[in-house]
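Novice: Sharing a structure below in structure tokens format, with a few things to ask.
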Amino acid sequence: MVLALWLAQSGIPFRIVEKNAGPGQASRAMAVQARTLEFYRQLGIAEEVIASGIRMRGGHLRQGSRVVADFPFDKIGSDLSPYPFVLSLPQDDHEHLLVKCLERIGVQVEWSTELILFKEKEQCVIATLRKGETEESGEFAYVCGCDGARSTIRQGLGLSFPGGTYEQLFYVTDVEVEGLPFSQDVNACISTDSFCLVFPIRSSGMFRLVGIVPPQLGADATFEEIRPYVKKQIDVDVRKVNWFSTYHVHHRVADHFRRGRIFIAGDAGHIHSPAGGQGMNTGIGDAVNLAWKLATTLRNRSNAAVLDTYEPERIAFARALVATTDRLFLLAVGRDLLARTARSVFLKYILPLALSFKAARRLQFRLVSQIRIQYRDSSALSRGTAGEIQGGDRLPWVESQNNFQPLNSLDWQIHVYGIATDALQDWAPRWNLPVHSFAWDKPAQSAGLARNAAYLIRPDGHVAFASPDQNVGELEKFLGEWVRPLA
């Protein structure tokens with residue numbers, strides 16, 4: 001749906017089909033991270049999304065009723081992103097909202113419509129769709145499978161999905177609780193033998209609990225069987241259960257995210273543990289990355305080579321993320337003596353000490369929020385250095401300048417923090433590039449930007465090319481490889 005929103009606002013026609021009859025009715029994903037909200041700001045829906053959820057301005061690591069460490073997002077990330085918090089928004093509510101956003105701009109999701117066959121030709125993809133007893137075939141320039149872990153597209157392309165499944169069985173439930181008062185933040189309750197995540201849910205006034213089913217219970221465990229373990233671990237009495245489910249967690253990354261004119265994104269390409277609330281946000285990041293590249297290509301503003309950067313950029317991050325969350329997850333849930341000992345020492349002594357330092361807390365926010373994502377080494381679409389900013393980096397936010405506002409155009413642009421030369425301003429219209437000049441100030445300097453440098457910004461807010469001296473010749477050469485000038 002995010003892919004569709006971006007394409008629609010870029011003026012690209014498409015069809016979005018879904019074999020289910022409507023949006024999800026339950027969910028496991030809860031956390032909407034700052035980077036995702038920055039993308040939503042570009043689409044003009046950030047405030048609506050935020051109003052539908054709960055701003056979790058921090059996190060608390062607990063052992064029973066005792067808080068052993070705090071993560072005050074709003075106090076450590078306020079100069080890093082317009083959204084220094086994690087938004088709690090259940091995925092089913094999230095999906096319903098995105099459907100409304102699509103409908104508002106005239107886009108209808110074709111529900112109960114299944115892709116059953118596809119074949120790539122030289123200049124198109126022939127796709128066969130089934131709705132009820134009716135089948136139809138059509139030609140499409142490109143196809144993207146956002147169809148989950150059991151992706152029809154991925155399987156049809158013959159892509160492997162290497163990885164594994166964690167041995168632990170998990171439960172997820174929405175409950176009303178009595179007892180220990182949980183704040184409107186995320187709470188992680190980790191002990192030497194288990195863990196439980198607690199999220200507030202505005203739509204129901206309940207809390208979402210995600211935890212491990214005790215090994216002595218099986219896949220058919222009920223909440224009543226788990227209730228005493230919940231009481232012991234997080235010291236609450238559950239008054240009402242809205243819904244309850246168990247599931248296994250996988251960690252996998254497809255060997256490719258593209259074959260010719262056919263792409264995969266989200267869970268179709270990567271699945272991993274719930275550590276850090278990264279899964280859904282990573283899929284949305286895939287969608288934005290692919291959407292602007294499709295839009296740039298289909299509007300004949302670039303050669304198709306720009307699409308070649310989708311897989312290396314996103315698969316590199318997916319692999320790094322799966323490796324990182326896998327290590328963290330095994331530390332959190334491992335049953336061996338080493339993991340249990342590490343949890344006991346780490347939780348009691350190391351983590352609280354580390355988070356007493358501002359630098360560690362800022363690093364933690366950058367990691368969780370996904371604002372750290374960069375494509376310096378994974379993409380040919382990244383070049384140059386000016387100040388601390390390199391090609392491939394996310395454009396740093398400068399609150400005093402409101403420098404994210406121009407990104408709402410969803411197109412290429414140039415930023416200068418200082419004075420733009422006459423040569424740059426005379427040259428830019430040839431490429432239909434607006435030049436946004438911002439005052440040079442202390443926040444811009446603190447963000448790592450260089451005075452009077454020229455930053456060529458991609459539609460997704462990442463720096464493509466950084467020129468410390470506004471070198472028009474180098475900018476011309478770089479753009480010539482990727483973007484076509486106006487006729």
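Going through the structure tokens in order, the chains are called A, B, and so on, while each chain numbers its residues from 1 and the ligands are numbered from 1 in the order shown.
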For Phe465 in chain A, find every residue with an atom within 10 Å (counting only C-alpha atoms), except residues of its own chain fewer than 2 positions away, and show them as a ChimeraX atom specification.
Specialist: /A:381-386,389-393,414,454-458,462-463,467-468,474-475,478-479
Novice: Can those selected residues be exported to a file as a short mmCIF file (atom, residue, chain, number, x, y, z; two decimals), in the first residue's frame so that it contains N, CA and C atoms?
Specialist:
data_model
loop_
_atom_site.label_atom_id
_atom_site.label_comp_id
_atom_site.auth_asym_id
_atom_site.auth_seq_id
_atom_site.Cartn_x
_atom_site.Cartn_y
_atom_site.Cartn_z
N LEU A 381 24.79 4.39 -6.87
CA LEU A 381 24.06 5.65 -6.86
C LEU A 381 24.46 6.51 -5.67
N SER A 382 25.68 6.34 -5.18
CA SER A 382 26.18 7.07 -4.01
C SER A 382 27.60 7.52 -4.28
N ARG A 383 27.82 8.85 -4.20
CA ARG A 383 29.16 9.34 -4.53
C ARG A 383 29.42 10.67 -3.82
N GLY A 384 30.67 10.90 -3.49
CA GLY A 384 31.10 12.19 -2.97
C GLY A 384 31.00 12.30 -1.46
N THR A 385 31.72 13.26 -0.91
CA THR A 385 31.73 13.55 0.52
C THR A 385 31.81 15.06 0.72
N ALA A 386 30.99 15.58 1.61
CA ALA A 386 31.05 17.00 1.97
C ALA A 386 30.75 17.09 3.45
N ILE A 389 28.98 14.11 5.67
CA ILE A 389 27.93 13.47 4.89
C ILE A 389 28.50 12.90 3.60
N GLN A 390 28.22 11.64 3.36
CA GLN A 390 28.66 10.96 2.14
C GLN A 390 27.48 10.58 1.28
N GLY A 391 27.75 10.41 0.00
CA GLY A 391 26.71 9.91 -0.89
C GLY A 391 26.17 8.59 -0.37
N GLY A 392 24.85 8.47 -0.29
CA GLY A 392 24.19 7.29 0.26
C GLY A 392 23.60 7.52 1.62
N ASP A 393 24.08 8.56 2.34
CA ASP A 393 23.55 8.85 3.67
C ASP A 393 22.14 9.43 3.60
N ILE A 414 18.35 19.82 -5.08
CA ILE A 414 19.67 20.16 -4.55
C ILE A 414 19.50 21.00 -3.29
N ALA A 454 27.12 21.45 -2.07
CA ALA A 454 25.89 21.11 -2.80
C ALA A 454 25.60 19.63 -2.58
N TYR A 455 24.38 19.36 -2.14
CA TYR A 455 23.95 17.97 -1.91
C TYR A 455 22.81 17.65 -2.88
N LEU A 456 23.06 16.69 -3.75
CA LEU A 456 22.02 16.22 -4.67
C LEU A 456 21.20 15.17 -3.93
N ILE A 457 19.91 15.46 -3.72
CA ILE A 457 19.06 14.61 -2.89
C ILE A 457 18.14 13.77 -3.77
N ARG A 458 18.10 12.48 -3.49
CA ARG A 458 17.19 11.57 -4.17
C ARG A 458 15.76 11.79 -3.68
N HIS A 462 17.63 10.52 0.59
CA HIS A 462 19.02 10.14 0.74
C HIS A 462 19.88 10.99 -0.21
N VAL A 463 21.11 11.24 0.21
CA VAL A 463 22.05 12.00 -0.61
C VAL A 463 22.60 11.09 -1.70
N SER A 467 28.88 17.41 -3.20
CA SER A 467 29.96 18.19 -3.82
C SER A 467 30.36 19.31 -2.87
N PRO A 468 31.56 19.25 -2.30
CA PRO A 468 31.95 20.26 -1.31
C PRO A 468 32.10 21.65 -1.89
N GLU A 474 31.07 18.09 -12.15
CA GLU A 474 30.94 16.78 -11.52
C GLU A 474 29.47 16.40 -11.35
N LEU A 475 28.63 17.36 -10.98
CA LEU A 475 27.21 17.09 -10.88
C LEU A 475 26.63 16.69 -12.22
N PHE A 478 27.69 13.11 -13.00
CA PHE A 478 26.98 12.12 -12.19
C PHE A 478 25.54 11.97 -12.66
N LEU A 479 24.84 13.08 -12.83
CA LEU A 479 23.44 13.01 -13.25
C LEU A 479 23.31 12.35 -14.61
#
Novice: Step one, run DSSP on the backbone; step two, keep only residues of range 171-290 of chain A assigned to strand (DSSP E); then write them as a ChimeraX atom specification.
Specialist: /A:171-179,186-190,195-201,206-212,236-253,258-259,262-264,270-271
Novice: Name the residues in contact with Phe140 in chain A at a cut-off of 8 Å, using only C-alpha atoms, excluding same-chain residues fewer than 6 positions from it; report them as a list in words.
Specialist: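 Once the nearby chain positions are removed, what remains is Cys124, Val125, Ile126 and Ala127 of chain A.
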Novice: Tell me, as a compact mmCIF listing (two decimals) with C-alpha atoms, in the first residue's frame, which residues lie within 7 Å of Asp185 in chain A, counting only C-alpha atoms; anything in the same chain fewer than 4 positions away does not count.
Specialist:
# COMPACT_ATOMS: atom_id res chain seq x y z
CA MET A 56 5.86 5.92 22.92
CA ARG A 57 8.45 8.48 23.95
CA GLY A 58 10.70 5.92 25.51
CA GLY A 59 11.21 2.33 26.52
CA PHE A 199 2.85 -2.29 24.02
CA PRO A 200 -0.05 0.11 24.67
Novice: To one decimal place in Å, what is the distance between CA of Val2 in chain A and CA of Val288 in chain A?
Specialist: 7.1 Å
Novice: Using only C-alpha atoms for the distances, tell me which of A:Leu98, A:Met30, A:Ala268, A:Ile12 is nearest to Leu43 in chain A.
Specialist: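 Nearest to Leu43 in chain A: A:Leu98.
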Novice: Using only C-alpha atoms for the distances, tell me which of A:Glu388, A:Asp460, A:Glu103, A:Glu225 is nearest to Ala4 in chain A.
Specialist: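 Once distances to Ala4 in chain A are computed over only C-alpha atoms, the minimum belongs to A:Glu103.
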Novice: Please measure the separation of CA of Val86 in chain A and CA of Val32 in chain A, giving the value in Å to one decimal.
Specialist: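 Going from CA of Val86 in chain A over to CA of Val32 in chain A covers 5.9 Å.
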Novice: Which neighbours of range 394-408 of chain A fall inside 9 Å, counting only C-alpha atoms, when residues of the same chain fewer than 6 positions from it are skipped, and could you give them as a compact mmCIF listing (two decimals) with N, CA and C atoms, in the first residue's frame?
Specialist:
# COMPACT_ATOMS: atom_id res chain seq x y z
N GLU A 38 9.01 9.64 8.70
CA GLU A 38 9.59 10.63 7.78
C GLU A 38 9.12 10.38 6.35
N ARG A 41 5.62 11.57 6.16
CA ARG A 41 5.59 13.03 6.05
C ARG A 41 5.70 13.44 4.59
N GLN A 42 6.57 12.79 3.82
CA GLN A 42 6.70 13.09 2.40
C GLN A 42 5.39 12.82 1.65
N LEU A 43 4.64 11.82 2.10
CA LEU A 43 3.37 11.47 1.47
C LEU A 43 2.20 12.29 2.01
N GLY A 44 2.46 13.11 3.03
CA GLY A 44 1.43 13.96 3.59
C GLY A 44 0.46 13.28 4.52
N SER A 78 15.55 14.30 19.67
CA SER A 78 14.80 15.48 19.23
C SER A 78 15.54 16.30 18.19
N ASP A 79 16.87 16.17 18.12
CA ASP A 79 17.63 16.89 17.10
C ASP A 79 18.04 15.98 15.95
N LEU A 80 17.56 14.73 15.98
CA LEU A 80 17.92 13.76 14.94
C LEU A 80 16.78 13.50 13.96
N SER A 81 15.54 13.67 14.40
CA SER A 81 14.38 13.40 13.56
C SER A 81 13.20 14.24 14.05
N PRO A 82 12.28 14.59 13.16
CA PRO A 82 11.06 15.26 13.61
C PRO A 82 10.20 14.36 14.49
N ILE A 371 16.94 5.61 11.22
CA ILE A 371 17.52 6.78 10.56
C ILE A 371 18.99 6.57 10.24
N ARG A 372 19.57 5.50 10.73
CA ARG A 372 20.98 5.21 10.46
C ARG A 372 21.17 4.59 9.08
N ILE A 373 20.11 4.13 8.42
CA ILE A 373 20.25 3.40 7.16
C ILE A 373 20.94 4.27 6.12
N GLN A 374 21.99 3.71 5.51
CA GLN A 374 22.72 4.43 4.46
C GLN A 374 23.18 3.44 3.40
N TYR A 375 23.46 3.97 2.23
CA TYR A 375 23.82 3.14 1.08
C TYR A 375 25.20 3.52 0.54
N HIS A 415 20.28 20.68 -2.27
CA HIS A 415 20.31 21.46 -1.03
C HIS A 415 21.67 22.11 -0.87
N HIS A 436 17.44 24.42 -3.20
CA HIS A 436 16.94 24.92 -1.92
C HIS A 436 18.13 25.40 -1.09
N PHE A 438 19.56 27.01 2.31
CA PHE A 438 19.26 27.17 3.73
C PHE A 438 20.38 27.97 4.39
N ALA A 439 20.01 28.72 5.41
CA ALA A 439 21.02 29.50 6.13
C ALA A 439 22.01 28.55 6.82
N ASP A 441 23.94 27.56 9.90
CA ASP A 441 23.83 27.84 11.32
C ASP A 441 24.43 26.69 12.12
N PRO A 443 23.00 24.35 14.09
CA PRO A 443 22.39 23.04 13.90
C PRO A 443 22.82 22.35 12.61
N ALA A 444 22.97 23.13 11.53
CA ALA A 444 23.43 22.53 10.27
C ALA A 444 24.85 21.99 10.42
N SER A 446 26.24 21.05 13.28
CA SER A 446 26.18 19.90 14.19
C SER A 446 25.67 18.65 13.49
N ALA A 447 24.84 18.83 12.47
CA ALA A 447 24.31 17.69 11.73
C ALA A 447 25.34 17.05 10.81
N GLY A 448 26.51 17.70 10.67
CA GLY A 448 27.57 17.14 9.84
C GLY A 448 27.62 17.69 8.44
N LEU A 449 26.76 18.66 8.12
CA LEU A 449 26.75 19.25 6.79
C LEU A 449 27.92 20.21 6.63
N TYR A 455 24.38 19.36 -2.14
CA TYR A 455 23.95 17.97 -1.91
C TYR A 455 22.81 17.65 -2.88
N ILE A 457 19.91 15.46 -3.72
CA ILE A 457 19.06 14.61 -2.89
C ILE A 457 18.14 13.77 -3.77
N ARG A 458 18.10 12.48 -3.49
CA ARG A 458 17.19 11.57 -4.17
C ARG A 458 15.76 11.79 -3.68
N PRO A 459 14.77 11.27 -4.40
CA PRO A 459 13.38 11.44 -3.95
C PRO A 459 13.08 10.84 -2.57
N ASP A 460 13.87 9.86 -2.11
CA ASP A 460 13.61 9.24 -0.81
C ASP A 460 14.35 9.95 0.32
N GLY A 461 14.99 11.09 0.05
CA GLY A 461 15.65 11.84 1.10
C GLY A 461 17.07 11.39 1.40
N HIS A 462 17.63 10.52 0.59
CA HIS A 462 19.02 10.14 0.74
C HIS A 462 19.88 10.99 -0.21
N VAL A 463 21.11 11.24 0.21
CA VAL A 463 22.05 12.00 -0.61
C VAL A 463 22.60 11.09 -1.70
Novice: For Arg62 in chain A, find every residue with an atom within 10 Å (counting only C-alpha atoms), except residues of its own chain fewer than 6 positions away, and show them as a ChimeraX atom specification.
Specialist: /A:68-70,187-191,195-197,233-234,347
Novice: Could you list, as an NGL selection string, every residue within 7 Å of Phe170 in chain A, counting only C-alpha atoms and ignoring same-chain residues fewer than 6 positions away?
Specialist: :A and (211-213 or 246-248)
